[in-house]
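Student: Sharing entry04.txt, compact mmCIF, C-alpha atoms and all ligand atoms:
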# COMPACT_ATOMS: atom_id res chain seq x y z
CA MET A 30 59.48 87.44 115.59
CA THR A 31 62.13 89.45 113.78
CA MET A 32 65.70 88.24 113.96
CA GLN A 33 68.15 90.84 115.15
CA ARG A 34 70.97 91.15 112.63
CA LYS A 35 74.57 91.17 113.86
CA LYS A 36 76.37 94.49 113.89
CA VAL A 37 79.94 95.12 112.79
CA SER A 38 81.59 98.52 113.04
CA VAL A 39 84.52 99.29 110.78
CA ILE A 40 86.74 102.12 112.01
CA GLY A 41 88.39 103.90 109.06
CA SER A 42 86.59 104.48 105.76
CA GLY A 43 89.69 104.30 103.59
CA PHE A 44 90.74 101.60 101.16
CA THR A 45 90.67 98.68 103.60
CA GLY A 46 87.76 99.95 105.71
CA ALA A 47 85.44 100.56 102.77
CA THR A 48 86.34 97.30 101.04
CA THR A 49 85.80 95.34 104.25
CA ALA A 50 82.45 97.01 104.86
CA PHE A 51 81.25 96.17 101.36
CA LEU A 52 82.35 92.52 101.59
CA LEU A 53 80.63 92.12 104.99
CA ALA A 54 77.39 93.51 103.60
CA GLN A 55 77.57 91.55 100.34
CA LYS A 56 77.90 88.36 102.36
CA GLU A 57 74.99 89.46 104.60
CA LEU A 58 77.14 88.86 107.66
CA ALA A 59 75.91 91.93 109.55
CA ASP A 60 74.68 95.49 109.43
CA VAL A 61 77.73 97.67 109.02
CA VAL A 62 78.69 101.00 110.59
CA ILE A 63 81.63 102.79 108.97
CA VAL A 64 83.29 105.33 111.27
CA ASP A 65 85.84 107.99 110.38
CA ILE A 66 87.03 111.31 111.82
CA PRO A 67 84.62 114.30 111.53
CA GLU A 68 86.52 115.74 108.51
CA MET A 69 85.89 112.44 106.70
CA GLU A 70 82.30 111.94 107.79
CA ASN A 71 80.75 112.94 104.46
CA PRO A 72 82.99 110.67 102.37
CA ALA A 73 82.18 107.86 104.85
CA LYS A 74 78.44 108.57 104.47
CA GLY A 75 78.82 108.73 100.69
CA LYS A 76 80.61 105.40 100.47
CA ALA A 77 78.03 103.75 102.76
CA LEU A 78 75.13 105.09 100.69
CA ASP A 79 76.79 104.03 97.44
CA MET A 80 77.24 100.49 98.84
CA LEU A 81 73.64 100.39 100.02
CA GLU A 82 72.48 101.34 96.55
CA ALA A 83 74.25 98.25 95.22
CA SER A 84 72.13 96.03 97.49
CA PRO A 85 69.04 95.80 95.25
CA VAL A 86 71.22 94.86 92.29
CA GLN A 87 73.23 92.26 94.15
CA GLY A 88 70.31 91.21 96.30
CA PHE A 89 71.80 91.52 99.77
CA ASP A 90 69.97 92.62 102.90
CA ALA A 91 72.27 94.60 105.16
CA ASN A 92 72.16 98.16 106.33
CA ILE A 93 75.31 100.26 105.92
CA ILE A 94 75.85 103.71 107.40
CA GLY A 95 78.74 106.16 107.55
CA THR A 96 79.30 108.33 110.62
CA SER A 97 81.81 110.07 112.86
CA ASN A 98 79.66 109.51 115.93
CA TYR A 99 80.71 106.50 117.99
CA GLU A 100 77.24 106.26 119.52
CA ASP A 101 76.31 104.59 116.24
CA THR A 102 78.68 101.72 117.08
CA LYS A 103 76.76 100.94 120.27
CA ASP A 104 76.69 97.22 121.10
CA SER A 105 78.60 96.10 118.02
CA ASP A 106 79.38 92.40 117.96
CA ILE A 107 82.69 93.06 116.25
CA VAL A 108 84.70 96.26 115.78
CA ILE A 109 87.30 96.17 113.02
CA ILE A 110 90.05 98.78 113.27
CA THR A 111 91.54 99.96 109.97
CA ALA A 112 92.01 103.58 111.03
CA GLY A 113 95.33 105.36 110.69
CA ILE A 114 97.96 105.92 108.05
CA ALA A 115 99.28 103.45 105.48
CA ARG A 116 102.82 103.31 104.13
CA LYS A 117 104.11 104.71 100.87
CA PRO A 118 106.89 103.28 98.67
CA GLY A 119 110.22 103.25 100.54
CA MET A 120 108.60 103.12 103.99
CA SER A 121 108.47 100.13 106.32
CA ARG A 122 105.32 99.23 108.25
CA ASP A 123 107.22 100.16 111.39
CA ASP A 124 107.53 103.79 110.23
CA LEU A 125 103.80 104.15 111.00
CA VAL A 126 104.06 103.26 114.66
CA GLN A 127 103.95 106.62 116.40
CA THR A 128 101.07 108.09 114.42
CA ASN A 129 99.03 104.91 114.52
CA GLN A 130 99.60 104.26 118.22
CA LYS A 131 97.78 107.53 118.98
CA VAL A 132 94.97 106.59 116.62
CA MET A 133 94.65 103.15 118.28
CA GLU A 134 94.42 104.72 121.72
CA SER A 135 91.71 107.21 120.81
CA VAL A 136 89.69 104.67 118.85
CA THR A 137 89.96 102.08 121.63
CA GLU A 138 88.64 104.53 124.22
CA GLN A 139 85.48 104.91 122.17
CA ILE A 140 85.09 101.16 121.63
CA VAL A 141 85.34 100.52 125.37
CA LYS A 142 82.69 103.16 125.96
CA TYR A 143 80.15 102.07 123.37
CA ALA A 144 80.83 98.43 122.58
CA PRO A 145 82.30 96.92 125.75
CA ASN A 146 81.37 93.38 124.77
CA ALA A 147 82.71 93.52 121.22
CA ILE A 148 85.44 91.41 119.75
CA ILE A 149 88.07 93.70 118.23
CA LEU A 150 89.91 92.82 115.02
CA VAL A 151 92.92 95.03 114.32
CA LEU A 152 94.36 95.60 110.84
CA THR A 153 96.26 98.88 111.31
CA ASN A 154 100.05 98.60 110.95
CA PRO A 155 102.48 97.78 112.38
CA VAL A 156 99.77 95.31 113.23
CA ASP A 157 101.43 93.13 115.89
CA ALA A 158 102.35 96.18 117.99
CA MET A 159 99.04 97.94 117.26
CA THR A 160 97.07 94.89 118.42
CA TYR A 161 99.12 94.93 121.63
CA THR A 162 98.34 98.64 122.06
CA VAL A 163 94.60 98.04 121.66
CA PHE A 164 94.75 95.09 124.09
CA LYS A 165 96.48 97.16 126.78
CA LYS A 166 94.29 100.21 126.29
CA SER A 167 91.00 98.30 126.18
CA GLY A 168 91.50 96.06 129.20
CA PHE A 169 89.49 93.47 127.24
CA PRO A 170 90.32 89.79 127.76
CA LYS A 171 92.99 88.59 125.35
CA GLU A 172 90.63 86.33 123.38
CA ARG A 173 88.60 89.41 122.35
CA VAL A 174 91.50 91.42 120.87
CA ILE A 175 92.82 89.83 117.69
CA GLY A 176 95.09 91.03 114.89
CA GLN A 177 95.01 90.13 111.21
CA SER A 178 98.14 89.09 109.34
CA GLY A 179 98.37 85.33 108.84
CA VAL A 180 95.26 84.87 106.72
CA LEU A 181 96.63 87.48 104.30
CA ASP A 182 100.21 86.24 104.35
CA THR A 183 99.01 82.67 103.83
CA ALA A 184 96.71 83.79 101.02
CA ARG A 185 99.66 85.40 99.24
CA PHE A 186 101.72 82.25 99.68
CA ARG A 187 98.86 80.08 98.38
CA THR A 188 98.40 82.37 95.38
CA PHE A 189 102.06 82.12 94.39
CA VAL A 190 102.16 78.33 94.89
CA ALA A 191 98.98 77.82 92.86
CA GLN A 192 100.46 79.94 90.04
CA GLU A 193 103.72 77.99 90.20
CA LEU A 194 102.03 74.58 89.98
CA ASN A 195 99.12 75.68 87.78
CA LEU A 196 96.66 74.28 90.34
CA SER A 197 93.47 75.61 91.92
CA VAL A 198 94.11 77.93 94.86
CA LYS A 199 91.40 75.95 96.62
CA ASP A 200 93.67 72.93 96.92
CA VAL A 201 96.75 74.76 98.16
CA GLN A 202 97.22 75.05 101.90
CA GLY A 203 99.82 77.27 103.50
CA PHE A 204 101.01 78.00 106.99
CA VAL A 205 102.64 81.23 108.08
CA LEU A 206 103.71 81.95 111.65
CA GLY A 207 105.21 85.04 113.28
CA GLY A 208 105.01 88.80 112.91
CA HIS A 209 103.61 90.64 109.88
CA GLY A 210 106.99 91.69 108.57
CA ASP A 211 109.96 90.50 106.58
CA GLU A 212 110.78 87.98 109.34
CA MET A 213 107.46 86.09 109.05
CA VAL A 214 107.90 82.30 109.08
CA PRO A 215 106.21 80.28 106.30
CA LEU A 216 106.18 76.64 107.48
CA ILE A 217 106.67 74.48 104.41
CA ARG A 218 106.35 71.29 106.45
CA TYR A 219 102.67 72.11 106.98
CA SER A 220 101.98 73.34 103.45
CA SER A 221 100.50 71.14 100.78
CA ALA A 222 98.65 70.92 97.47
CA GLY A 223 95.72 68.49 97.65
CA GLY A 224 97.38 66.93 100.68
CA VAL A 225 100.75 66.40 98.89
CA PRO A 226 103.60 68.13 100.77
CA LEU A 227 104.92 71.10 98.80
CA ALA A 228 108.48 69.91 99.36
CA ASP A 229 107.63 67.00 96.98
CA LEU A 230 106.30 69.35 94.30
CA ILE A 231 108.50 72.43 94.23
CA PRO A 232 112.33 72.39 94.17
CA ALA A 233 113.93 73.94 97.27
CA ASP A 234 115.50 76.92 95.47
CA ARG A 235 112.20 77.83 93.80
CA MET A 236 110.39 77.45 97.13
CA GLU A 237 112.84 79.89 98.69
CA GLU A 238 111.90 82.45 96.03
CA ILE A 239 108.20 81.97 96.73
CA ILE A 240 108.80 82.40 100.46
CA GLU A 241 110.77 85.58 99.83
CA ARG A 242 108.01 86.96 97.62
CA THR A 243 105.46 86.16 100.36
CA ARG A 244 107.57 87.97 102.96
CA LYS A 245 107.73 91.03 100.73
CA GLY A 246 104.14 90.67 99.48
CA GLY A 247 102.92 93.88 101.08
CA ALA A 248 105.80 95.93 99.68
CA GLU A 249 105.23 94.50 96.18
CA ILE A 250 101.71 95.96 96.19
CA VAL A 251 102.83 99.25 97.82
CA ASN A 252 105.38 99.73 95.04
CA LEU A 253 102.81 99.01 92.32
CA LEU A 254 100.07 101.22 93.78
CA GLY A 255 102.35 104.18 94.44
CA ASN A 256 100.14 105.91 97.00
CA GLY A 257 98.76 103.35 99.39
CA SER A 258 98.86 99.69 100.32
CA ALA A 259 96.92 96.52 99.57
CA TYR A 260 93.23 96.39 100.35
CA TYR A 261 91.35 93.68 98.45
CA ALA A 262 93.17 90.70 99.95
CA PRO A 263 93.54 92.29 103.42
CA SER A 264 89.79 92.95 103.50
CA ALA A 265 88.99 89.42 102.35
CA ALA A 266 91.19 88.17 105.21
CA LEU A 267 89.39 90.31 107.79
CA VAL A 268 86.02 89.15 106.55
CA GLU A 269 87.03 85.48 106.76
CA MET A 270 87.99 86.03 110.42
CA ALA A 271 84.83 88.02 111.15
CA GLU A 272 82.66 85.34 109.55
CA ALA A 273 84.30 82.63 111.68
CA ILE A 274 83.41 84.65 114.79
CA LEU A 275 79.91 85.74 113.77
CA LYS A 276 78.91 82.21 112.74
CA ASP A 277 80.85 80.47 115.55
CA GLN A 278 82.56 78.37 112.92
CA LYS A 279 85.55 77.16 114.99
CA ARG A 280 87.79 77.81 111.98
CA VAL A 281 91.48 77.02 112.26
CA LEU A 282 92.96 80.29 111.07
CA PRO A 283 96.16 82.13 111.86
CA SER A 284 95.57 85.14 114.14
CA ILE A 285 97.75 87.64 115.91
CA ALA A 286 97.20 86.42 119.47
CA TYR A 287 98.48 87.39 122.91
CA LEU A 288 101.09 84.87 123.99
CA GLU A 289 101.63 83.89 127.59
CA GLY A 290 104.17 81.11 127.27
CA GLU A 291 102.93 79.52 124.05
CA TYR A 292 105.88 78.87 121.74
CA GLY A 293 108.11 79.93 124.64
CA LEU A 294 107.07 83.58 124.19
CA HIS A 295 105.55 85.95 126.74
CA ASP A 296 103.69 89.24 126.78
CA LEU A 297 103.51 90.01 123.10
CA TYR A 298 101.08 89.69 120.20
CA LEU A 299 102.29 87.45 117.37
CA GLY A 300 100.82 85.39 114.53
CA VAL A 301 100.03 81.79 115.53
CA PRO A 302 97.45 79.17 114.51
CA THR A 303 94.20 79.64 116.41
CA VAL A 304 90.63 78.44 116.58
CA LEU A 305 88.20 81.30 115.89
CA GLY A 306 84.61 81.11 117.09
CA ALA A 307 81.94 83.11 118.91
CA ASP A 308 84.27 83.83 121.84
CA GLY A 309 87.04 85.13 119.60
CA ILE A 310 90.31 83.22 119.93
CA GLU A 311 89.02 80.05 121.53
CA LYS A 312 92.34 78.24 121.37
CA ILE A 313 95.95 78.76 120.38
CA ILE A 314 97.28 75.69 118.62
CA GLU A 315 100.83 74.86 119.68
CA LEU A 316 102.95 72.91 117.23
CA ASP A 317 106.21 71.16 117.90
CA LEU A 318 108.66 73.28 115.96
CA THR A 319 112.06 72.15 114.74
CA GLU A 320 115.07 74.02 116.11
CA ASP A 321 115.36 76.06 112.92
CA GLU A 322 111.66 76.94 112.91
CA GLN A 323 111.76 78.00 116.57
CA ALA A 324 114.85 80.13 115.88
CA ALA A 325 113.04 81.80 112.96
CA LEU A 326 109.98 82.43 115.13
CA ASN A 327 112.17 83.91 117.90
CA LYS A 328 113.79 86.23 115.35
CA SER A 329 110.35 87.34 114.18
CA ALA A 330 109.30 87.93 117.81
CA ASP A 331 112.46 90.01 118.34
CA ALA A 332 111.50 92.18 115.35
CA VAL A 333 108.02 92.75 116.88
CA ARG A 334 109.55 93.56 120.28
CA ALA A 335 111.83 96.14 118.65
CA VAL A 336 108.70 97.95 117.43
CA MET A 337 106.97 97.54 120.79
CA ASN A 338 109.97 99.27 122.38
CA ILE A 339 109.11 102.41 120.38
CA LEU A 340 105.60 102.49 121.88
CA SER A 341 105.25 105.32 124.36
N1 LIG B 1 97.55 93.96 108.88
C1 LIG B 1 97.52 93.90 107.57
O1 LIG B 1 97.66 92.83 107.00
C2 LIG B 1 97.28 95.13 106.77
C3 LIG B 1 97.30 96.35 107.37
N2 LIG B 1 97.02 97.49 106.67
C4 LIG B 1 97.03 98.76 107.41
O2 LIG B 1 95.69 99.21 107.56
C5 LIG B 1 95.69 100.62 107.76
C6 LIG B 1 94.65 101.27 106.86
O3 LIG B 1 95.00 101.14 105.52
P1 LIG B 1 94.12 101.84 104.37
O4 LIG B 1 92.70 101.59 104.62
O5 LIG B 1 94.72 101.46 103.07
O6 LIG B 1 94.44 103.38 104.67
P2 LIG B 1 93.59 104.66 104.19
O7 LIG B 1 94.49 105.83 104.34
O8 LIG B 1 92.95 104.41 102.89
O9 LIG B 1 92.42 104.77 105.28
C7 LIG B 1 92.65 105.05 106.62
C8 LIG B 1 91.43 105.77 107.13
O10 LIG B 1 91.56 105.93 108.55
C9 LIG B 1 90.96 107.16 108.88
N3 LIG B 1 91.37 107.59 110.22
C10 LIG B 1 92.53 108.17 110.59
N4 LIG B 1 92.51 108.44 111.90
C11 LIG B 1 91.30 108.03 112.37
C12 LIG B 1 90.67 108.03 113.64
N5 LIG B 1 91.28 108.51 114.71
N6 LIG B 1 89.43 107.53 113.73
C13 LIG B 1 88.79 107.02 112.67
N7 LIG B 1 89.34 106.98 111.44
C14 LIG B 1 90.58 107.48 111.30
C15 LIG B 1 91.42 108.09 107.77
O11 LIG B 1 90.64 109.28 107.72
C16 LIG B 1 91.24 107.19 106.56
O12 LIG B 1 89.95 107.30 106.00
C17 LIG B 1 97.13 101.07 107.51
O13 LIG B 1 97.81 101.23 108.75
C18 LIG B 1 97.72 99.90 106.74
O14 LIG B 1 99.14 99.81 106.88
C19 LIG B 1 96.69 97.46 105.35
C20 LIG B 1 96.68 96.25 104.69
C21 LIG B 1 97.01 95.00 105.33
O1 LIG B 2 102.34 96.34 103.25
C1 LIG B 2 101.60 97.15 103.84
O2 LIG B 2 101.98 98.24 104.26
C2 LIG B 2 100.17 96.76 104.06
C3 LIG B 2 100.19 95.38 104.57
O3 LIG B 2 100.43 95.12 105.73
C4 LIG B 2 100.15 94.29 103.59
O4 LIG B 2 99.67 94.48 102.47
O5 LIG B 2 100.62 93.20 103.94
Represent the supplied structure as structure tokens.
Tutor:
Amino acid sequence: MTMQRKKVSVIGSGFTGATTAFLLAQKELADVVIVDIPEMENPAKGKALDMLEASPVQGFDANIIGTSNYEDTKDSDIVIITAGIARKPGMSRDDLVQTNQKVMESVTEQIVKYAPNAIILVLTNPVDAMTYTVFKKSGFPKERVIGQSGVLDTARFRTFVAQELNLSVKDVQGFVLGGHGDEMVPLIRYSSAGGVPLADLIPADRMEEIIERTRKGGAEIVNLLGNGSAYYAPSAALVEMAEAILKDQKRVLPSIAYLEGEYGLHDLYLGVPTVLGADGIEKIIELDLTEDEQAALNKSADAVRAVMNILS
């Protein structure tokens, strides 16, 4: 009996889409379909073929194709949306909202048609509002529409802390709540190195600088790259979430989830700790926040709502 491999479709063959596709294949998590608009079909095909030609060298078994035909995404287990425009230096993520809302709506229509049972992971910015757009347009249950921000924001925080303390990144845990913007809420109380609270290891003023760098982590890369935004770490984050779902790992990872009263917030998508498994978001973990933390989370939610108000 042959085992049917899982199928993941990645919408958008740009920096994040291509990198995500390659990581998924290298880890043999699924066969991968990369979809772009008809004008970009050949580059998408070219990237897919190039990746496939790396498979004998690296020794991975996964098929990868590029296409502009959504029929090829039929019955995907997961669809990852990276389609749309990215910001340039001087822009905020929120400047992308109008263009990317249209892209989300057209892409979602196709997903509903061809992969009605898929779990959707959204990367496109402004990601909290774009995940909400996809949720509304798809009519999928909330646990099957998930946005990516917290794994990336936490990874940035962990990187900076590990550098600061000259420790392995493996032993540094971080915890970031809230929207994927300057108002995100790193929770130091829940962050540690080898189980030791960070507050015992890093002076408060230095910690503030690390938090600020984390909040501006996306812009730091945008300014260095000059004509696009981060893609290696964002793709690694998406793949960690996809792996948790494909392998039903029940990982505790931050996700952008639909809130219906959790943390006192209603009818918006925001970054919170979740359990990710075969059903998507299987649980939202609610923490008891201090007054200051709740106020910071509310401020972050307000920033997301301000973007949602621009949605047409
Ligand atoms: N949530 C997060 O943490 C992160 C979000 N992002 C966001 O991800 C998005 C993609 O970034 P990159 O890959 O760097 O951009 P990119 O410009 O390299 O690639 C975007 C791709 O989407 C394609 N596309 C546009 N409209 C499409 C449609 N209707 N259907 C299919 N494909 C379409 C374009 O042709 C292009 O190939 C941006 O909005 C960016 O801000 C990027 C990094 C992190
Ligand atoms: O900053 C951007 O525009 C892309 C992004 O979301 C990130 O890298 O965090």
Student: Just the number, please: distance in Å from CA of Val180 in chain A to CA of Thr153 in chain A, one decimal.
Tutor: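 Computing it gives 14.8 Å between the two atoms.
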Student: Could you list, as number ranges by chain, all residues that come within 7 Å of ligand LIG 1 (chain B)? Count only C-alpha atoms and all ligand atoms.
Tutor: A: 40-46, 64-66, 69, 111-116, 122, 129, 132, 135-136, 152-156, 177-178, 181, 209, 257-260, 263
Student: Go ahead and compute the interatomic distance for CA of Gly88 in chain A and CA of Ala273 in chain A, in Å to one decimal.
Tutor: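 Taking CA of Gly88 in chain A as the start and CA of Ala273 in chain A as the end point, the length is 22.5 Å.
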Student: Which neighbours of Gly246 in chain A fall inside 12 Å, counting only C-alpha atoms, when residues of the same chain fewer than 5 positions from it are skipped, and could you give them as a list of chain:residue names?
Tutor: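 Those residues are A:Ser178, A:Leu181, A:Asp182, A:Thr183, A:Ala184, A:Arg185, A:Phe186, A:Arg187, A:Thr188, A:Phe189, A:His209, A:Gly210, A:Asp211, A:Met213, A:Glu238, A:Ile239, A:Ile240, A:Glu241, A:Val251, A:Asn252, A:Leu253, A:Ser258, A:Ala259, A:Ala262, A:Pro263.
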Student: Could you jot down the CA of Asp308 in chain A to CA of Ala332 in chain A separation for me, Å, one decimal place?
Tutor: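 Calculated distance between CA of Asp308 in chain A and CA of Ala332 in chain A is 29.2 Å.
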Student: Measuring between only C-alpha atoms and all ligand atoms, which one of A:Ser121, A:Asn195, A:Ser221, A:Thr137 shows the shortest distance to ligand LIG 2 (chain B)?
Tutor: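 The answer is A:Ser121, which sits nearest to ligand LIG 2 (chain B).
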Student: Rank A:Asp90, A:Glu249, A:Glu193, A:Asp60 by their smallest atom-to-atom distance to ligand LIG 2 (chain B), using all atoms listed in the file, and report the top residue only.
Tutor: A:Glu249
Student: Nearest residue to ligand LIG 2 (chain B) out of A:Val201, A:Leu125, A:Met133, A:Leu194, using all atoms listed in the file?
Tutor: A:Leu125
Student: My list of candidates is A:Leu254, A:Leu340, A:Leu267, A:Ala233. Which is closest to Tyr161 in chain A when distances are computed with only C-alpha atoms?
Tutor: A:Leu340
Student: Name the closest residue to ligand LIG 2 (chain B) among the candidates A:Ala265, A:Ala271, A:Ile339, A:Ala286; distances are taken between atoms, counting only C-alpha atoms and all ligand atoms.
Tutor: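 Nearest to ligand LIG 2 (chain B): A:Ala265.
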Student: From the options A:Pro215, A:Gly247, A:Gly224, A:Pro118, which residue's atoms come nearest to ligand LIG 2 (chain B), counting all atoms listed in the file?
Tutor: A:Gly247
Student: Which residues, protein or nucleic acid, reach to within 8 Å of (96.9, 73.5, 98.4) in the file's coordinates when using all atoms listed in the file, and can you give that as a ChimeraX atom specification?
Tutor: /A:187,190-191,197-203,220-224
Student: Given the point (74.7, 105.9, 103.5) in the file's coordinates, find the residues that have an atom at most 6 Å from it, counting all atoms listed in the file, and give them as a list in words.
Tutor: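 The requested residues, written out, are Lys74, Gly75, Ala77, Leu78, Ile94 and Gly95 of chain A.
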Student: Let me see the file: selected residues, C-alpha atoms, as a PDB file, in the coordinates of the input.
Tutor:
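What landed in selection33.pdb:
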ATOM      1  CA  LYS A  74      78.440 108.570 104.470  1.00  0.00           C
ATOM      2  CA  GLY A  75      78.820 108.730 100.690  1.00  0.00           C
ATOM      3  CA  ALA A  77      78.030 103.750 102.760  1.00  0.00           C
ATOM      4  CA  LEU A  78      75.130 105.090 100.690  1.00  0.00           C
ATOM      5  CA  ILE A  94      75.850 103.710 107.400  1.00  0.00           C
ATOM      6  CA  GLY A  95      78.740 106.160 107.550  1.00  0.00           C
TER       7      GLY A  95
END
Student: Can you pull out the residues contacting Ser105 in chain A? Cut-off 10 Å, using only C-alpha atoms, and skip same-chain residues under 2 positions away; I want them as a list in words.
Tutor: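 Result of the neighbour search: Lys35, Lys36, Val37, Ser38, Val39, Ala59, Asp60, Val61, Val62, Asp101, Thr102, Lys103, Ile107, Val108, Ile140, Tyr143, Ala144, Pro145, Asn146, Ala147, Ile148 and Ile149 of chain A.
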Student: Could you write those residues out with C-alpha atoms, as a short mmCIF file (atom, residue, chain, number, x, y, z; two decimals), keeping the file's coordinate frame?
Tutor:
data_model
loop_
_atom_site.label_atom_id
_atom_site.label_comp_id
_atom_site.auth_asym_id
_atom_site.auth_seq_id
_atom_site.Cartn_x
_atom_site.Cartn_y
_atom_site.Cartn_z
CA LYS A 35 74.57 91.17 113.86
CA LYS A 36 76.37 94.49 113.89
CA VAL A 37 79.94 95.12 112.79
CA SER A 38 81.59 98.52 113.04
CA VAL A 39 84.52 99.29 110.78
CA ALA A 59 75.91 91.93 109.55
CA ASP A 60 74.68 95.49 109.43
CA VAL A 61 77.73 97.67 109.02
CA VAL A 62 78.69 101.00 110.59
CA ASP A 101 76.31 104.59 116.24
CA THR A 102 78.68 101.72 117.08
CA LYS A 103 76.76 100.94 120.27
CA ILE A 107 82.69 93.06 116.25
CA VAL A 108 84.70 96.26 115.78
CA ILE A 140 85.09 101.16 121.63
CA TYR A 143 80.15 102.07 123.37
CA ALA A 144 80.83 98.43 122.58
CA PRO A 145 82.30 96.92 125.75
CA ASN A 146 81.37 93.38 124.77
CA ALA A 147 82.71 93.52 121.22
CA ILE A 148 85.44 91.41 119.75
CA ILE A 149 88.07 93.70 118.23
#
Student: Quick one: axis-aligned box around all listed atoms of ligand LIG 2 (chain B), 3 Å on every side, centre and edge lengths in Å to one decimal, written as lines of an AutoDock Vina configuration file.
Tutor:
center_x = 101.0
center_y = 95.7
center_z = 104.1
size_x = 8.7
size_y = 11.0
size_z = 9.3
Student: Skipping near chain neighbours, those fewer than 4 positions away, what residues fall within 9 Å of Ile217 in chain A using only C-alpha atoms, listed as a list in words?
Tutor: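 In the requested form, the answer reads Gly203, Phe204, Val205, Ser221, Pro226, Leu227, Ala228 and Met236 of chain A.
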